[in-house]
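Listing of target_22.txt; format and content: compact mmCIF, C-alpha atoms.
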```txt
# COMPACT_ATOMS: atom_id res chain seq x y z
CA MET A 1 -45.58 120.29 -110.57
CA GLY A 2 -43.54 123.04 -108.98
CA ASP A 3 -44.95 125.92 -106.94
CA ASN A 4 -44.58 128.34 -109.88
CA ASP A 5 -46.25 126.18 -112.57
CA VAL A 6 -49.43 127.58 -114.13
CA GLN A 7 -52.40 125.56 -112.85
CA LEU A 8 -56.08 125.53 -113.79
CA THR A 9 -58.33 124.69 -110.84
CA GLY A 10 -62.04 124.04 -111.24
CA ALA A 11 -64.83 123.52 -108.73
CA GLN A 12 -68.56 123.07 -108.75
CA THR A 13 -70.29 125.58 -106.48
CA HIS A 14 -73.62 125.41 -104.65
CA GLN A 15 -75.18 128.39 -102.85
CA THR A 16 -78.36 128.67 -100.82
CA ASP A 17 -79.80 131.93 -99.54
CA LEU A 18 -81.44 131.00 -96.25
CA LEU A 19 -83.52 134.20 -96.15
CA THR A 20 -85.13 133.84 -99.59
CA GLY A 21 -84.79 130.10 -100.10
CA GLN A 22 -83.06 130.61 -103.45
CA TYR A 23 -80.59 127.98 -104.60
CA SER A 24 -77.97 128.31 -107.33
CA PHE A 25 -75.15 126.19 -108.66
CA GLY A 26 -72.31 126.80 -111.04
CA TYR A 27 -68.70 126.21 -111.94
CA GLN A 28 -65.67 128.24 -110.92
CA PHE A 29 -62.25 128.15 -112.59
CA THR A 30 -59.05 129.84 -111.42
CA VAL A 31 -55.71 130.00 -113.22
CA SER A 32 -52.96 130.10 -110.58
CA ASN A 33 -49.42 131.43 -111.10
CA LEU A 34 -50.36 133.16 -114.37
CA HIS A 35 -49.30 136.80 -114.77
CA TRP A 36 -48.44 139.15 -117.59
CA LEU A 37 -45.54 140.88 -115.81
CA GLU A 38 -43.81 140.28 -112.50
CA PHE A 39 -41.32 142.51 -110.68
CA HIS A 40 -39.20 141.61 -107.64
CA ASN A 41 -37.08 143.74 -105.36
CA GLN A 42 -36.22 143.67 -101.67
CA PHE A 43 -39.40 145.57 -100.73
CA VAL A 44 -42.20 144.03 -102.77
CA THR A 45 -43.19 141.51 -105.42
CA LEU A 46 -45.61 143.00 -107.96
CA ASP A 47 -47.77 140.98 -110.35
CA ILE A 48 -49.56 142.78 -113.18
CA LEU A 49 -52.66 141.14 -114.70
CA SER A 50 -52.53 137.95 -112.69
CA GLU A 51 -54.64 135.07 -111.34
CA PRO A 52 -57.67 135.25 -113.69
CA ALA A 53 -60.83 133.52 -112.51
CA PHE A 54 -64.03 132.61 -114.37
CA GLN A 55 -67.49 131.59 -113.18
CA LEU A 56 -70.23 129.94 -115.19
CA GLN A 57 -73.76 129.50 -113.93
CA PRO A 58 -75.79 127.39 -116.39
CA HIS A 59 -79.40 128.25 -117.15
CA SER A 60 -81.99 126.16 -115.32
CA SER A 61 -85.56 126.55 -114.12
CA MET A 62 -84.16 127.98 -110.85
CA GLN A 63 -81.54 130.40 -112.20
CA PRO A 64 -80.64 132.44 -115.28
CA PHE A 65 -77.45 131.93 -117.30
CA GLN A 66 -74.56 133.92 -115.84
CA LEU A 67 -70.93 134.35 -116.89
CA ALA A 68 -68.37 136.28 -114.83
CA PHE A 69 -64.62 136.90 -114.78
CA ASN A 70 -62.20 138.52 -112.37
CA THR A 71 -58.47 139.26 -112.43
CA ASN A 72 -55.88 141.10 -110.37
CA LEU A 73 -54.84 144.28 -112.15
CA LEU A 74 -52.03 144.78 -109.65
CA ALA A 75 -51.15 142.40 -106.82
CA ALA A 76 -48.39 142.99 -104.27
CA THR A 77 -46.76 140.70 -101.73
CA TRP A 78 -44.98 142.73 -99.07
CA PRO A 79 -41.99 141.72 -96.92
CA ARG A 80 -42.97 139.45 -94.04
CA ILE A 81 -43.41 140.97 -90.61
CA GLY A 82 -42.37 138.05 -88.43
CA PRO A 83 -44.65 135.17 -89.44
CA VAL A 84 -47.28 137.44 -91.06
CA ILE A 85 -47.63 137.53 -94.86
CA ILE A 86 -49.34 140.67 -96.24
CA GLN A 87 -50.76 140.79 -99.75
CA THR A 88 -52.76 143.58 -101.39
CA ALA A 89 -54.54 143.72 -104.74
CA LEU A 90 -56.49 145.92 -107.11
CA THR A 91 -58.99 143.82 -109.05
CA ALA A 92 -61.31 144.18 -112.01
CA GLY A 93 -64.07 141.97 -113.27
CA GLY A 94 -67.27 141.77 -115.19
CA GLN A 95 -70.38 139.71 -115.41
CA PHE A 96 -73.30 139.08 -117.71
CA THR A 97 -76.63 137.73 -116.50
CA ASP A 98 -79.26 136.64 -119.03
CA GLY A 99 -82.18 139.06 -118.94
CA GLN A 100 -80.38 141.53 -116.67
CA GLY A 101 -77.43 142.72 -118.75
CA GLY A 102 -73.84 143.26 -117.70
CA ALA A 103 -71.89 144.85 -114.90
CA ALA A 104 -68.28 145.81 -114.18
CA THR A 105 -66.59 145.53 -110.79
CA PHE A 106 -63.46 147.20 -109.44
CA GLY A 107 -62.06 146.46 -106.02
CA ALA A 108 -59.17 146.63 -103.61
CA GLY A 109 -58.32 144.35 -100.76
CA VAL A 110 -55.83 143.04 -98.27
CA ASP A 111 -55.09 139.42 -97.37
CA LEU A 112 -53.27 138.39 -94.18
CA SER A 113 -51.91 134.90 -93.54
CA THR A 114 -49.09 133.32 -91.57
CA VAL A 115 -46.22 131.02 -92.42
CA TRP A 116 -47.47 128.68 -89.67
CA VAL A 117 -50.89 128.03 -91.29
CA PRO A 118 -50.64 129.35 -94.88
CA GLU A 119 -54.08 127.95 -95.80
CA LEU A 120 -55.86 130.26 -93.29
CA HIS A 121 -56.52 133.82 -94.51
CA VAL A 122 -58.14 136.95 -93.07
CA GLN A 123 -59.36 139.23 -95.85
CA GLY A 124 -61.01 142.62 -96.19
CA GLY A 125 -61.62 145.17 -98.91
CA PHE A 126 -64.19 147.11 -100.91
CA ASN A 127 -65.87 146.84 -104.32
CA VAL A 128 -67.32 149.36 -106.74
CA ASN A 129 -69.97 147.88 -109.06
CA ILE A 130 -71.11 149.68 -112.20
CA MET A 131 -74.23 148.23 -113.79
CA GLN A 132 -77.05 149.10 -116.15
CA GLY A 133 -80.27 149.87 -114.33
CA THR A 134 -83.82 149.07 -115.38
CA ASP A 135 -84.14 152.68 -116.58
CA GLY A 136 -81.24 152.16 -119.02
CA GLY A 137 -78.84 154.39 -117.08
CA LEU A 138 -75.63 153.40 -115.33
CA HIS A 139 -75.80 152.83 -111.60
CA THR A 140 -72.91 152.64 -109.16
CA GLN A 141 -72.88 150.63 -105.96
CA VAL A 142 -70.08 150.62 -103.37
CA SER A 143 -69.86 147.68 -100.99
CA VAL A 144 -67.56 146.80 -98.13
CA PRO A 145 -67.74 143.04 -97.60
CA ALA A 146 -67.38 141.86 -94.04
CA THR A 147 -63.95 140.61 -93.12
CA MET A 148 -63.76 137.04 -94.26
CA ILE A 149 -61.82 134.21 -92.74
CA SER A 150 -61.19 131.37 -95.16
CA GLY A 151 -59.22 128.20 -95.10
CA THR A 152 -58.43 125.07 -97.05
CA ILE A 153 -58.39 121.60 -95.62
CA HIS A 154 -56.37 118.94 -97.45
CA PHE A 155 -57.12 115.24 -97.01
```
Once more with this new file: its structure as structure tokens, please.
Amino acid sequence: MGDNDVQLTGAQTHQTDLLTGQYSFGYQFTVSNLHWLEFHNQFVTLDILSEPAFQLQPHSSMQPFQLAFNTNLLAATWPRIGPVIIQTALTAGGQFTDGQGGAATFGAGVDLSTVWVPELHVQGGFNVNIMQGTDGGLHTQVSVPATMISGTIHF
């Protein structure tokens, strides 16, 4: 497959919260190189409605059923500054958790990588979550995740 072919990637996920001792597992799917519209010029590459991702957490005795999705509303890749690749995105998503209802998420972020080690990323951003509270009203939560460093190792 070429670098621009649409690809579906799936993974099984396992998470443990060391503070509470809670464990959860699920499945995550991402569709790479899929976008509704794409624009190129000498300053920026813009993708509109791109890179959708889905998460499924099956019901078990340890966790409720959960379904979530996320997509880039607008993603931009800026001209390289030396070896540094800068990407920004506005994202939207939603989730449903059995017994807890649904929520919507909107976010913005920046991703920095280099041409030397393209698998290593430094990311930062913020999220706005809108969810239904126990009182039936809508509640808003703003979060600023800590800067995350992520990488992929290929064998």
When you draw a straight line from atom CA of A:Gly124 to atom CA of A:Thr13, how long is it in Å? 22.0 Å
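Considering the residues A:Val144, A:Leu8, A:Ile48, A:Ile130 and counting all atoms listed in the file, A:Gly102 has its shortest atom-to-atom contact with A:Ile130.
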For atom CA of A:Ile85 and atom CA of A:Gln12, quote the distance in Å rounded to one decimal. 29.0 Å
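Minimum atom-to-atom distances from A:Thr16, A:Asn127, A:Gln87, A:Gln57 to A:Thr114 were compared using all atoms listed in the file, and the lowest value belongs to A:Gln87.
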List the residues sitting within 12 Å of (-46.1, 136.2, -119.5) in the file's frame, using all atoms listed in the file, as number ranges by chain. A: 6, 33-39, 47-51
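All residues of protein, DNA or RNA that reach within 8 Å of A:Tyr23, judged by only C-alpha atoms and not counting those fewer than 4 positions away in the chain, are His14, Gln15, Thr16, Asp17 and Met62 of chain A.
Here atom CA of A:Gly107 is placed at a distance of 5.6 Å from atom CA of A:Phe126.
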Using only C-alpha atoms for the distances, tell me which of A:Ala53, A:Val122, A:Val44, A:Gln95 is nearest to A:Leu67. A:Gln95
Compile the contact shell of A:Pro64 as a list in words: residues with an atom at most 8 Å away, counting all atoms listed in the file, same-chain residues fewer than 6 positions apart removed. Gln57, Pro58, Thr97, Asp98 and Gly99 of chain A
Could you check which of A:Asn4, A:Gln132, A:Gln123, A:Thr88 is closest to A:Ala104, using all atoms listed in the file? A:Gln132
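Checking A:Val117, A:Leu46, A:Val31, A:Leu138 one by one against A:Ala89, counting all atoms listed in the file, you find the shortest gap at A:Leu46.
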A:Thr45 environment, 7 Å, only C-alpha atoms, sequence neighbours closer than 5 positions dropped, as an MDAnalysis selection string: chainID A and resid 39:40 76:78
Looking at all atoms listed in the file, which of A:Ala11, A:Val115, A:Ala75, A:Ile81 is the one that sits closest to A:Leu56? A:Ala11
Expected answer as a ChimeraX atom specification: all residues with atoms within 8 Å of (-65.0, 143.5, -110.9), only C-alpha atoms: /A:69-71,91-95,104-107,127-129
